[in-house]
$ cat structure-v5.csv   # CSV, C-alpha atoms
chain,number,residue,atom,x,y,z
V,1,MET,CA,16.5,-1.2,-15.6
V,2,ASN,CA,14.5,-3.8,-13.8
V,3,LEU,CA,12.8,-2.8,-10.6
V,4,LYS,CA,11.6,-4.9,-7.7
V,5,LYS,CA,9.5,-4.6,-4.6
V,6,VAL,CA,10.9,-6.3,-1.5
V,7,THR,CA,8.3,-7.0,1.1
V,8,ALA,CA,9.4,-8.4,4.5
V,9,ILE,CA,7.1,-9.4,7.3
V,10,ILE,CA,9.2,-9.5,10.5
V,11,ARG,CA,8.9,-9.5,14.3
V,12,CYS,CA,8.4,-5.8,15.4
V,13,GLU,CA,11.1,-6.4,18.0
V,14,VAL,CA,13.7,-6.5,15.4
V,15,LEU,CA,12.4,-3.6,13.3
V,16,GLU,CA,14.8,-1.0,14.6
V,17,ASN,CA,17.8,-3.2,14.0
V,18,VAL,CA,16.6,-4.1,10.5
V,19,GLU,CA,16.1,-0.4,9.7
V,20,LYS,CA,19.6,0.5,10.8
V,21,LYS,CA,21.0,-2.4,8.7
V,22,LEU,CA,19.0,-1.2,5.7
V,23,GLN,CA,20.4,2.4,6.1
V,24,ASP,CA,23.9,0.9,6.5
V,25,ILE,CA,23.6,-0.8,3.1
V,26,GLY,CA,22.3,2.3,1.5
V,27,VAL,CA,18.6,1.7,1.3
V,28,ARG,CA,17.1,5.2,1.1
V,29,GLY,CA,13.4,4.6,1.3
V,30,VAL,CA,11.2,2.2,3.3
V,31,SER,CA,7.5,2.0,4.2
V,32,ILE,CA,6.4,0.3,7.4
V,33,THR,CA,3.0,-1.0,8.4
V,34,LYS,CA,1.8,-3.2,11.2
V,35,VAL,CA,0.0,-6.3,10.1
V,36,LYS,CA,-1.9,-9.0,12.0
V,37,GLY,CA,-1.5,-12.5,10.8
V,38,TYR,CA,-0.8,-16.1,11.6
V,39,GLY,CA,2.2,-18.0,10.5
V,40,GLU,CA,3.2,-21.5,9.7
V,41,TYR,CA,2.0,-23.5,12.7
V,42,ALA,CA,-1.2,-21.8,13.5
V,43,ASN,CA,-3.8,-24.5,13.7
V,44,THR,CA,-5.9,-23.8,16.7
V,45,TYR,CA,-8.6,-21.2,17.1
V,46,THR,CA,-7.8,-19.0,20.1
V,47,ASP,CA,-8.5,-15.4,20.7
V,48,ASP,CA,-4.9,-14.5,20.4
V,49,TRP,CA,-3.8,-16.6,17.4
V,50,LEU,CA,-3.4,-13.4,15.4
V,51,VAL,CA,-0.1,-11.8,16.2
V,52,THR,CA,1.2,-8.5,15.1
V,53,HIS,CA,4.1,-8.3,12.8
V,54,CYS,CA,5.8,-5.4,11.1
V,55,ARG,CA,5.9,-5.2,7.3
V,56,ILE,CA,8.7,-3.4,5.5
V,57,GLU,CA,8.3,-2.5,1.8
V,58,ILE,CA,11.2,-1.3,-0.3
V,59,PHE,CA,11.3,-0.4,-4.0
V,60,THR,CA,14.7,-1.0,-5.5
V,61,GLU,CA,16.6,-2.1,-8.6
V,62,GLU,CA,16.9,-5.8,-9.4
V,63,SER,CA,20.6,-6.1,-8.5
V,64,LYS,CA,20.0,-4.9,-4.9
V,65,ALA,CA,16.9,-6.9,-4.2
V,66,ASP,CA,18.7,-10.0,-3.1
V,67,VAL,CA,21.2,-8.1,-1.1
V,68,ILE,CA,18.4,-6.4,0.8
V,69,ALA,CA,16.6,-9.7,1.4
V,70,GLN,CA,19.7,-11.3,2.7
V,71,ALA,CA,20.4,-8.3,5.0
V,72,ILE,CA,16.9,-8.4,6.4
V,73,MET,CA,17.1,-12.2,6.9
V,74,GLU,CA,20.4,-11.9,8.7
V,75,ILE,CA,19.1,-9.4,11.3
V,76,ALA,CA,15.5,-10.8,11.6
V,77,HIS,CA,16.4,-14.5,12.0
V,78,THR,CA,16.0,-16.0,15.4
V,79,GLY,CA,15.2,-19.6,14.3
V,80,VAL,CA,11.9,-19.7,16.1
V,81,THR,CA,8.4,-19.9,14.6
V,82,GLY,CA,7.2,-16.4,13.8
V,83,ASP,CA,10.4,-15.1,12.2
V,84,GLY,CA,8.4,-14.1,9.1
V,85,MET,CA,9.2,-14.1,5.4
V,86,ILE,CA,10.4,-12.0,2.6
V,87,ALA,CA,9.0,-11.7,-0.9
V,88,ILE,CA,10.4,-10.1,-4.1
V,89,LEU,CA,7.8,-8.9,-6.6
V,90,PRO,CA,8.3,-7.4,-10.1
V,91,VAL,CA,7.7,-3.7,-10.6
V,92,GLU,CA,7.1,-2.3,-14.0
V,93,LYS,CA,7.5,1.5,-13.4
V,94,LEU,CA,8.5,3.8,-10.6
V,95,PHE,CA,8.0,7.5,-10.5
V,96,ARG,CA,9.4,10.0,-8.1
V,97,ILE,CA,6.8,12.6,-7.3
V,98,ARG,CA,9.3,15.4,-6.2
V,99,THR,CA,11.0,15.4,-9.5
V,100,LYS,CA,8.1,14.2,-11.6
V,101,SER,CA,10.5,11.7,-13.2
V,102,ASP,CA,11.0,8.0,-13.6
V,103,ALA,CA,13.0,7.0,-10.7
V,104,ASN,CA,16.5,5.6,-11.4
V,105,THR,CA,18.4,3.6,-9.0
V,106,ASP,CA,20.5,6.5,-7.6
V,107,GLU,CA,17.3,8.3,-6.8
V,108,ILE,CA,15.5,5.3,-5.1
I,1,MET,CA,-6.7,-7.5,-20.8
I,2,ASN,CA,-3.6,-6.5,-18.9
I,3,LEU,CA,-4.2,-5.3,-15.4
I,4,LYS,CA,-2.0,-3.3,-13.1
I,5,LYS,CA,-1.7,-2.2,-9.6
I,6,VAL,CA,-0.8,1.5,-9.0
I,7,THR,CA,0.7,2.2,-5.6
I,8,ALA,CA,1.3,5.8,-4.6
I,9,ILE,CA,2.9,6.9,-1.3
I,10,ILE,CA,2.1,10.6,-0.8
I,11,ARG,CA,1.9,13.2,1.8
I,12,CYS,CA,-1.3,12.8,3.8
I,13,GLU,CA,-2.0,16.5,3.4
I,14,VAL,CA,-2.7,16.1,-0.3
I,15,LEU,CA,-4.7,12.9,0.1
I,16,GLU,CA,-8.1,14.6,-0.2
I,17,ASN,CA,-7.2,16.5,-3.3
I,18,VAL,CA,-5.7,13.4,-4.9
I,19,GLU,CA,-8.9,11.4,-4.1
I,20,LYS,CA,-11.0,14.1,-5.8
I,21,LYS,CA,-8.7,14.1,-8.8
I,22,LEU,CA,-9.0,10.3,-9.1
I,23,GLN,CA,-12.7,10.4,-8.9
I,24,ASP,CA,-12.7,13.1,-11.6
I,25,ILE,CA,-10.8,10.9,-14.0
I,26,GLY,CA,-13.1,8.0,-13.3
I,27,VAL,CA,-11.2,5.9,-10.8
I,28,ARG,CA,-13.9,3.9,-9.1
I,29,GLY,CA,-12.0,2.1,-6.3
I,30,VAL,CA,-9.1,2.9,-4.1
I,31,SER,CA,-7.6,1.6,-0.9
I,32,ILE,CA,-5.8,3.9,1.5
I,33,THR,CA,-3.5,3.0,4.4
I,34,LYS,CA,-1.1,5.0,6.5
I,35,VAL,CA,2.5,4.0,6.4
I,36,LYS,CA,5.5,5.1,8.3
I,37,GLY,CA,8.8,5.4,6.5
I,38,TYR,CA,11.8,7.4,5.6
I,39,GLY,CA,12.6,8.8,2.2
I,40,GLU,CA,15.5,9.8,0.1
I,41,TYR,CA,17.6,12.0,2.4
I,42,ALA,CA,17.1,10.2,5.7
I,43,ASN,CA,20.5,9.6,7.0
I,44,THR,CA,20.4,10.5,10.7
I,45,TYR,CA,18.9,8.6,13.5
I,46,THR,CA,16.5,10.7,15.4
I,47,ASP,CA,13.4,9.7,17.2
I,48,ASP,CA,11.2,11.3,14.6
I,49,TRP,CA,12.9,10.3,11.3
I,50,LEU,CA,9.9,8.1,10.6
I,51,VAL,CA,7.2,10.2,9.1
I,52,THR,CA,3.7,9.1,8.2
I,53,HIS,CA,2.7,9.0,4.6
I,54,CYS,CA,-0.6,7.9,3.0
I,55,ARG,CA,-0.5,5.0,0.6
I,56,ILE,CA,-3.1,4.7,-2.2
I,57,GLU,CA,-3.6,1.5,-4.0
I,58,ILE,CA,-5.6,1.2,-7.2
I,59,PHE,CA,-6.3,-1.8,-9.5
I,60,THR,CA,-6.8,-0.8,-13.1
I,61,GLU,CA,-6.3,-1.8,-16.7
I,62,GLU,CA,-2.9,-1.2,-18.3
I,63,SER,CA,-4.1,1.7,-20.5
I,64,LYS,CA,-5.2,3.7,-17.5
I,65,ALA,CA,-2.2,3.0,-15.2
I,66,ASP,CA,0.0,5.8,-16.6
I,67,VAL,CA,-2.9,8.3,-16.6
I,68,ILE,CA,-3.6,7.6,-13.0
I,69,ALA,CA,0.1,7.9,-12.1
I,70,GLN,CA,0.4,11.2,-13.9
I,71,ALA,CA,-2.8,12.5,-12.3
I,72,ILE,CA,-1.5,11.6,-8.8
I,73,MET,CA,1.9,13.2,-9.6
I,74,GLU,CA,0.3,16.4,-10.7
I,75,ILE,CA,-1.6,16.9,-7.5
I,76,ALA,CA,0.9,15.4,-5.0
I,77,HIS,CA,4.0,17.2,-6.3
I,78,THR,CA,5.4,20.0,-4.2
I,79,GLY,CA,9.0,19.8,-5.3
I,80,VAL,CA,10.2,19.2,-1.7
I,81,THR,CA,11.7,16.1,-0.2
I,82,GLY,CA,9.0,13.8,1.1
I,83,ASP,CA,6.7,14.1,-1.9
I,84,GLY,CA,6.7,10.3,-2.2
I,85,MET,CA,6.6,7.9,-5.1
I,86,ILE,CA,4.4,5.9,-7.4
I,87,ALA,CA,4.9,2.3,-8.6
I,88,ILE,CA,3.1,0.2,-11.2
I,89,LEU,CA,3.1,-3.5,-10.6
I,90,PRO,CA,1.7,-6.3,-12.9
I,91,VAL,CA,-1.5,-8.0,-11.8
I,92,GLU,CA,-2.4,-11.4,-13.3
I,93,LYS,CA,-6.0,-11.8,-12.2
I,94,LEU,CA,-8.7,-9.7,-10.7
I,95,PHE,CA,-12.0,-10.9,-9.3
I,96,ARG,CA,-15.0,-8.9,-8.2
I,97,ILE,CA,-16.5,-10.6,-5.1
I,98,ARG,CA,-20.0,-9.1,-5.5
I,99,THR,CA,-20.5,-10.7,-9.0
I,100,LYS,CA,-18.1,-13.6,-8.4
I,101,SER,CA,-16.7,-12.7,-11.8
I,102,ASP,CA,-13.4,-11.7,-13.3
I,103,ALA,CA,-13.3,-8.0,-13.2
I,104,ASN,CA,-13.2,-6.2,-16.5
I,105,THR,CA,-12.2,-2.6,-16.9
I,106,ASP,CA,-15.7,-1.2,-16.8
I,107,GLU,CA,-16.2,-2.9,-13.5
I,108,ILE,CA,-13.0,-1.8,-11.9
H,1,MET,CA,7.9,-23.2,-8.9
H,2,ASN,CA,5.7,-20.2,-9.6
H,3,LEU,CA,4.7,-18.2,-6.6
H,4,LYS,CA,1.8,-15.8,-6.3
H,5,LYS,CA,0.5,-13.2,-3.9
H,6,VAL,CA,-3.3,-13.2,-3.4
H,7,THR,CA,-4.7,-9.9,-2.1
H,8,ALA,CA,-8.3,-9.8,-1.0
H,9,ILE,CA,-10.2,-6.7,0.1
H,10,ILE,CA,-13.3,-7.8,1.9
H,11,ARG,CA,-15.9,-6.6,4.5
H,12,CYS,CA,-14.4,-6.9,7.9
H,13,GLU,CA,-17.6,-8.6,9.1
H,14,VAL,CA,-16.7,-11.7,7.1
H,15,LEU,CA,-13.1,-11.7,8.1
H,16,GLU,CA,-13.4,-14.4,10.8
H,17,ASN,CA,-15.3,-16.8,8.5
H,18,VAL,CA,-12.8,-16.2,5.7
H,19,GLU,CA,-9.9,-16.9,8.0
H,20,LYS,CA,-11.5,-20.2,9.1
H,21,LYS,CA,-12.1,-21.2,5.6
H,22,LEU,CA,-8.5,-20.4,4.7
H,23,GLN,CA,-7.3,-22.6,7.5
H,24,ASP,CA,-9.6,-25.3,6.5
H,25,ILE,CA,-8.1,-25.4,3.0
H,26,GLY,CA,-4.6,-25.5,4.4
H,27,VAL,CA,-3.5,-21.8,4.1
H,28,ARG,CA,-0.8,-21.5,6.7
H,29,GLY,CA,0.1,-17.8,6.6
H,30,VAL,CA,-1.9,-14.7,6.1
H,31,SER,CA,-1.4,-11.0,6.8
H,32,ILE,CA,-4.3,-8.7,7.6
H,33,THR,CA,-4.5,-4.9,7.6
H,34,LYS,CA,-7.4,-2.5,7.7
H,35,VAL,CA,-7.8,-0.2,4.7
H,36,LYS,CA,-10.0,2.7,4.0
H,37,GLY,CA,-11.4,3.1,0.5
H,38,TYR,CA,-14.2,3.6,-1.8
H,39,GLY,CA,-15.7,1.1,-4.2
H,40,GLU,CA,-17.5,0.8,-7.4
H,41,TYR,CA,-20.4,3.2,-6.9
H,42,ALA,CA,-18.8,6.0,-4.9
H,43,ASN,CA,-19.6,9.1,-6.7
H,44,THR,CA,-20.6,11.6,-4.2
H,45,TYR,CA,-18.4,13.5,-1.7
H,46,THR,CA,-19.6,12.9,1.8
H,47,ASP,CA,-17.7,12.8,5.0
H,48,ASP,CA,-18.2,9.1,5.3
H,49,TRP,CA,-17.6,7.9,1.7
H,50,LEU,CA,-14.5,6.2,2.9
H,51,VAL,CA,-15.4,2.9,4.4
H,52,THR,CA,-13.1,0.5,6.2
H,53,HIS,CA,-12.4,-2.9,4.7
H,54,CYS,CA,-10.1,-5.7,5.7
H,55,ARG,CA,-7.3,-6.7,3.4
H,56,ILE,CA,-5.9,-10.2,3.5
H,57,GLU,CA,-2.6,-11.0,1.8
H,58,ILE,CA,-1.4,-14.6,1.2
H,59,PHE,CA,1.8,-15.8,-0.5
H,60,THR,CA,1.2,-19.2,-2.1
H,61,GLU,CA,2.2,-21.4,-5.0
H,62,GLU,CA,0.5,-20.8,-8.4
H,63,SER,CA,-1.6,-23.9,-8.3
H,64,LYS,CA,-3.3,-22.9,-5.1
H,65,ALA,CA,-3.9,-19.2,-5.9
H,66,ASP,CA,-7.1,-19.8,-7.7
H,67,VAL,CA,-8.4,-22.2,-5.1
H,68,ILE,CA,-7.7,-19.6,-2.4
H,69,ALA,CA,-9.4,-16.8,-4.5
H,70,GLN,CA,-12.5,-19.0,-5.0
H,71,ALA,CA,-12.7,-19.9,-1.3
H,72,ILE,CA,-12.5,-16.3,-0.3
H,73,MET,CA,-15.1,-15.3,-2.9
H,74,GLU,CA,-17.5,-18.0,-1.7
H,75,ILE,CA,-17.4,-16.8,1.9
H,76,ALA,CA,-17.1,-13.1,1.3
H,77,HIS,CA,-19.9,-12.8,-1.3
H,78,THR,CA,-23.1,-11.1,-0.3
H,79,GLY,CA,-24.1,-9.7,-3.7
H,80,VAL,CA,-24.3,-6.2,-2.4
H,81,THR,CA,-22.0,-3.3,-3.3
H,82,GLY,CA,-18.9,-3.2,-1.1
H,83,ASP,CA,-18.2,-7.0,-1.3
H,84,GLY,CA,-14.7,-6.1,-2.4
H,85,MET,CA,-12.2,-7.7,-4.8
H,86,ILE,CA,-9.4,-10.2,-5.1
H,87,ALA,CA,-6.2,-9.8,-7.1
H,88,ILE,CA,-3.4,-12.3,-7.9
H,89,LEU,CA,0.0,-10.8,-8.4
H,90,PRO,CA,3.2,-12.6,-9.6
H,91,VAL,CA,6.0,-13.2,-7.0
H,92,GLU,CA,9.5,-13.8,-8.1
H,93,LYS,CA,11.1,-15.1,-4.9
H,94,LEU,CA,10.1,-16.0,-1.4
H,95,PHE,CA,12.3,-16.5,1.6
H,96,ARG,CA,11.5,-17.9,5.0
H,97,ILE,CA,13.4,-16.1,7.6
H,98,ARG,CA,13.3,-18.8,10.3
H,99,THR,CA,15.1,-21.3,8.1
H,100,LYS,CA,16.9,-18.7,6.0
H,101,SER,CA,15.8,-20.7,3.0
H,102,ASP,CA,13.8,-20.2,-0.2
H,103,ALA,CA,10.3,-21.1,0.8
H,104,ASN,CA,8.9,-24.1,-1.0
H,105,THR,CA,5.2,-24.8,-1.1
H,106,ASP,CA,5.1,-27.1,1.9
H,107,GLU,CA,6.7,-24.4,4.0
H,108,ILE,CA,4.4,-21.7,2.9

$ encode --input "structure-v5.csv" --output "structure tokens"
Amino acid sequence: MNLKKVTAIIRCEVLENVEKKLQDIGVRGVSITKVKGYGEYANTYTDDWLVTHCRIEIFTEESKADVIAQAIMEIAHTGVTGDGMIAILPVEKLFRIRTKSDANTDEI
Amino acid sequence: MNLKKVTAIIRCEVLENVEKKLQDIGVRGVSITKVKGYGEYANTYTDDWLVTHCRIEIFTEESKADVIAQAIMEIAHTGVTGDGMIAILPVEKLFRIRTKSDANTDEI
Amino acid sequence: MNLKKVTAIIRCEVLENVEKKLQDIGVRGVSITKVKGYGEYANTYTDDWLVTHCRIEIFTEESKADVIAQAIMEIAHTGVTGDGMIAILPVEKLFRIRTKSDANTDEI
């Protein structure tokens, strides 16, 4: 089974709705961190050019990665600069610590 | 040389013991962040469904990645929901800033 | 197009200069988080062996990844332990939420 990591950087205002959507489509594990950053049109140096976004990270099987990305995009999209982005990275192995086993998709 | 990134999401209560174990087996560099998230059995919406875990990230050579994952699993395992998970991701290049060089395994 | 993720762990003291350099070379999006960790020569257990570093993450096209890594290295290098490291990871897909599109290099 091919595994993927989906990383989404979104507005924190939409985080709660994105989380609900993810649970609705069966995503059983997410990690959330706050990040500071600048996006596509940052080109001036001001004290507040660094804005805070929320980053969601999800490990999942390949067949679900695009579904998850689309679901996040649907909820997080406003059409205004600062909406953020989503990346899909390859994952070689995934272990679940509780069972000391390789994770399979049902367990993710 | 093939390089890997090991990412472990564990209970923060076991972080100190995991760090000691990692130093015992010769891991010379780790990065730690706190993450919020929900795990395998989260299926209700309560104010406190987001729990804090600690995330450890280690860059290492391929031959050591599994050893590190097993060592973390050994220490972090309690058998109870919320133990977390470990992922191994491919890394293409690694540079050490102090020496401005490609990192080799002895240097990682 | 091949996409990459550049992750740099650097001293927070050089963060501002690194950010300026990145904007100078046309990097349009970065994410910054603080991480705790220990580096290459940590081998004693003291209360303060965990130091705080700043982590920069950039999604970019393959042809720019090395340029970005070198630019960060140039600014962040002091030659003293604790300078940090830079890793380049493969990325399979990248979506921009604002446009609901696959990101191309001009848009990153």

$ residues_near_point --input "structure-v5.csv" --point "(-15.6, -14.5, 9.5)" --cutoff "12 Å" --atoms "only C-alpha atoms" --output "ChimeraX atom specification"
/H:10-23,54,72,74-77

$ interface_residues --input "structure-v5.csv" --of "chain I" --to "chain H" --cutoff "7 Å" --atoms "all atoms listed in the file" --output "PDB file with C-alpha atoms, in the frame of the given file"
ATOM      1  CA  ARG I  28     -13.900   3.900  -9.100  1.00  0.00           C
ATOM      2  CA  GLY I  29     -12.000   2.100  -6.300  1.00  0.00           C
ATOM      3  CA  VAL I  30      -9.100   2.900  -4.100  1.00  0.00           C
ATOM      4  CA  SER I  31      -7.600   1.600  -0.900  1.00  0.00           C
ATOM      5  CA  ILE I  32      -5.800   3.900   1.500  1.00  0.00           C
ATOM      6  CA  THR I  33      -3.500   3.000   4.400  1.00  0.00           C
ATOM      7  CA  PRO I  90       1.700  -6.300 -12.900  1.00  0.00           C
ATOM      8  CA  VAL I  91      -1.500  -8.000 -11.800  1.00  0.00           C
ATOM      9  CA  GLU I  92      -2.400 -11.400 -13.300  1.00  0.00           C
ATOM     10  CA  LYS I  93      -6.000 -11.800 -12.200  1.00  0.00           C
ATOM     11  CA  LEU I  94      -8.700  -9.700 -10.700  1.00  0.00           C
ATOM     12  CA  PHE I  95     -12.000 -10.900  -9.300  1.00  0.00           C
ATOM     13  CA  ARG I  96     -15.000  -8.900  -8.200  1.00  0.00           C
ATOM     14  CA  ILE I  97     -16.500 -10.600  -5.100  1.00  0.00           C
ATOM     15  CA  ARG I  98     -20.000  -9.100  -5.500  1.00  0.00           C
ATOM     16  CA  THR I  99     -20.500 -10.700  -9.000  1.00  0.00           C
ATOM     17  CA  LYS I 100     -18.100 -13.600  -8.400  1.00  0.00           C
ATOM     18  CA  ILE I 108     -13.000  -1.800 -11.900  1.00  0.00           C
TER      19      ILE I 108
END

$ atom_distance --input "structure-v5.csv" --atom1 "atom CA of Ser63 of chain I" --atom2 "atom CA of Asp102 of chain V"
17.8 Å

$ atom_distance --input "structure-v5.csv" --atom1 "atom CA of Asn2 of chain V" --atom2 "atom CA of Ile25 of chain V"
19.4 Å

$ atom_distance --input "structure-v5.csv" --atom1 "atom CA of Ile68 of chain H" --atom2 "atom CA of Leu3 of chain I"
19.6 Å

$ build_atoms --input "structure-v5.csv" --residues "segment 62-85 of chain I" --atoms "N, CA and C atoms" --output "tab-separated table (two decimals), keeping the file's coordinate frame"
chain	number	residue	atom	x	y	z
I	62	GLU	N	-4.24	-1.72	-17.89
I	62	GLU	CA	-2.90	-1.20	-18.30
I	62	GLU	C	-3.01	0.21	-18.88
I	63	SER	N	-4.00	0.42	-19.74
I	63	SER	CA	-4.10	1.70	-20.50
I	63	SER	C	-4.33	2.88	-19.56
I	64	LYS	N	-4.88	2.60	-18.39
I	64	LYS	CA	-5.20	3.70	-17.50
I	64	LYS	C	-4.12	3.92	-16.42
I	65	ALA	N	-3.20	2.98	-16.28
I	65	ALA	CA	-2.20	3.00	-15.20
I	65	ALA	C	-1.37	4.30	-15.25
I	66	ASP	N	-0.88	4.61	-16.43
I	66	ASP	CA	0.00	5.80	-16.60
I	66	ASP	C	-0.81	7.08	-16.36
I	67	VAL	N	-2.03	7.11	-16.83
I	67	VAL	CA	-2.90	8.30	-16.60
I	67	VAL	C	-3.09	8.54	-15.14
I	68	ILE	N	-3.36	7.48	-14.43
I	68	ILE	CA	-3.60	7.60	-13.00
I	68	ILE	C	-2.27	8.07	-12.29
I	69	ALA	N	-1.16	7.48	-12.69
I	69	ALA	CA	0.10	7.90	-12.10
I	69	ALA	C	0.40	9.36	-12.35
I	70	GLN	N	0.17	9.80	-13.57
I	70	GLN	CA	0.40	11.20	-13.90
I	70	GLN	C	-0.53	12.13	-13.12
I	71	ALA	N	-1.77	11.72	-12.98
I	71	ALA	CA	-2.80	12.50	-12.30
I	71	ALA	C	-2.36	12.67	-10.78
I	72	ILE	N	-1.92	11.58	-10.19
I	72	ILE	CA	-1.50	11.60	-8.80
I	72	ILE	C	-0.26	12.54	-8.67
I	73	MET	N	0.66	12.37	-9.59
I	73	MET	CA	1.90	13.20	-9.60
I	73	MET	C	1.60	14.64	-9.67
I	74	GLU	N	0.68	14.98	-10.52
I	74	GLU	CA	0.30	16.40	-10.70
I	74	GLU	C	-0.18	17.02	-9.43
I	75	ILE	N	-1.03	16.30	-8.72
I	75	ILE	CA	-1.60	16.90	-7.50
I	75	ILE	C	-0.67	16.76	-6.31
I	76	ALA	N	0.08	15.68	-6.25
I	76	ALA	CA	0.90	15.40	-5.00
I	76	ALA	C	2.24	16.10	-5.07
I	77	HIS	N	2.63	16.62	-6.19
I	77	HIS	CA	4.00	17.20	-6.30
I	77	HIS	C	4.05	18.59	-5.63
I	78	THR	N	5.07	18.73	-4.77
I	78	THR	CA	5.40	20.00	-4.20
I	78	THR	C	6.80	20.45	-4.54
I	79	GLY	N	7.61	19.48	-4.92
I	79	GLY	CA	9.00	19.80	-5.30
I	79	GLY	C	9.94	19.64	-4.07
I	80	VAL	N	9.38	19.33	-2.91
I	80	VAL	CA	10.20	19.20	-1.70
I	80	VAL	C	10.35	17.77	-1.30
I	81	THR	N	11.48	17.48	-0.70
I	81	THR	CA	11.70	16.10	-0.20
I	81	THR	C	10.55	15.61	0.60
I	82	GLY	N	10.14	14.39	0.34
I	82	GLY	CA	9.00	13.80	1.10
I	82	GLY	C	7.75	13.76	0.22
I	83	ASP	N	7.87	14.13	-1.05
I	83	ASP	CA	6.70	14.10	-1.90
I	83	ASP	C	6.23	12.65	-2.19
I	84	GLY	N	7.15	11.70	-2.07
I	84	GLY	CA	6.70	10.30	-2.20
I	84	GLY	C	6.99	9.74	-3.61
I	85	MET	N	6.39	8.59	-3.88
I	85	MET	CA	6.60	7.90	-5.10
I	85	MET	C	5.41	7.11	-5.58
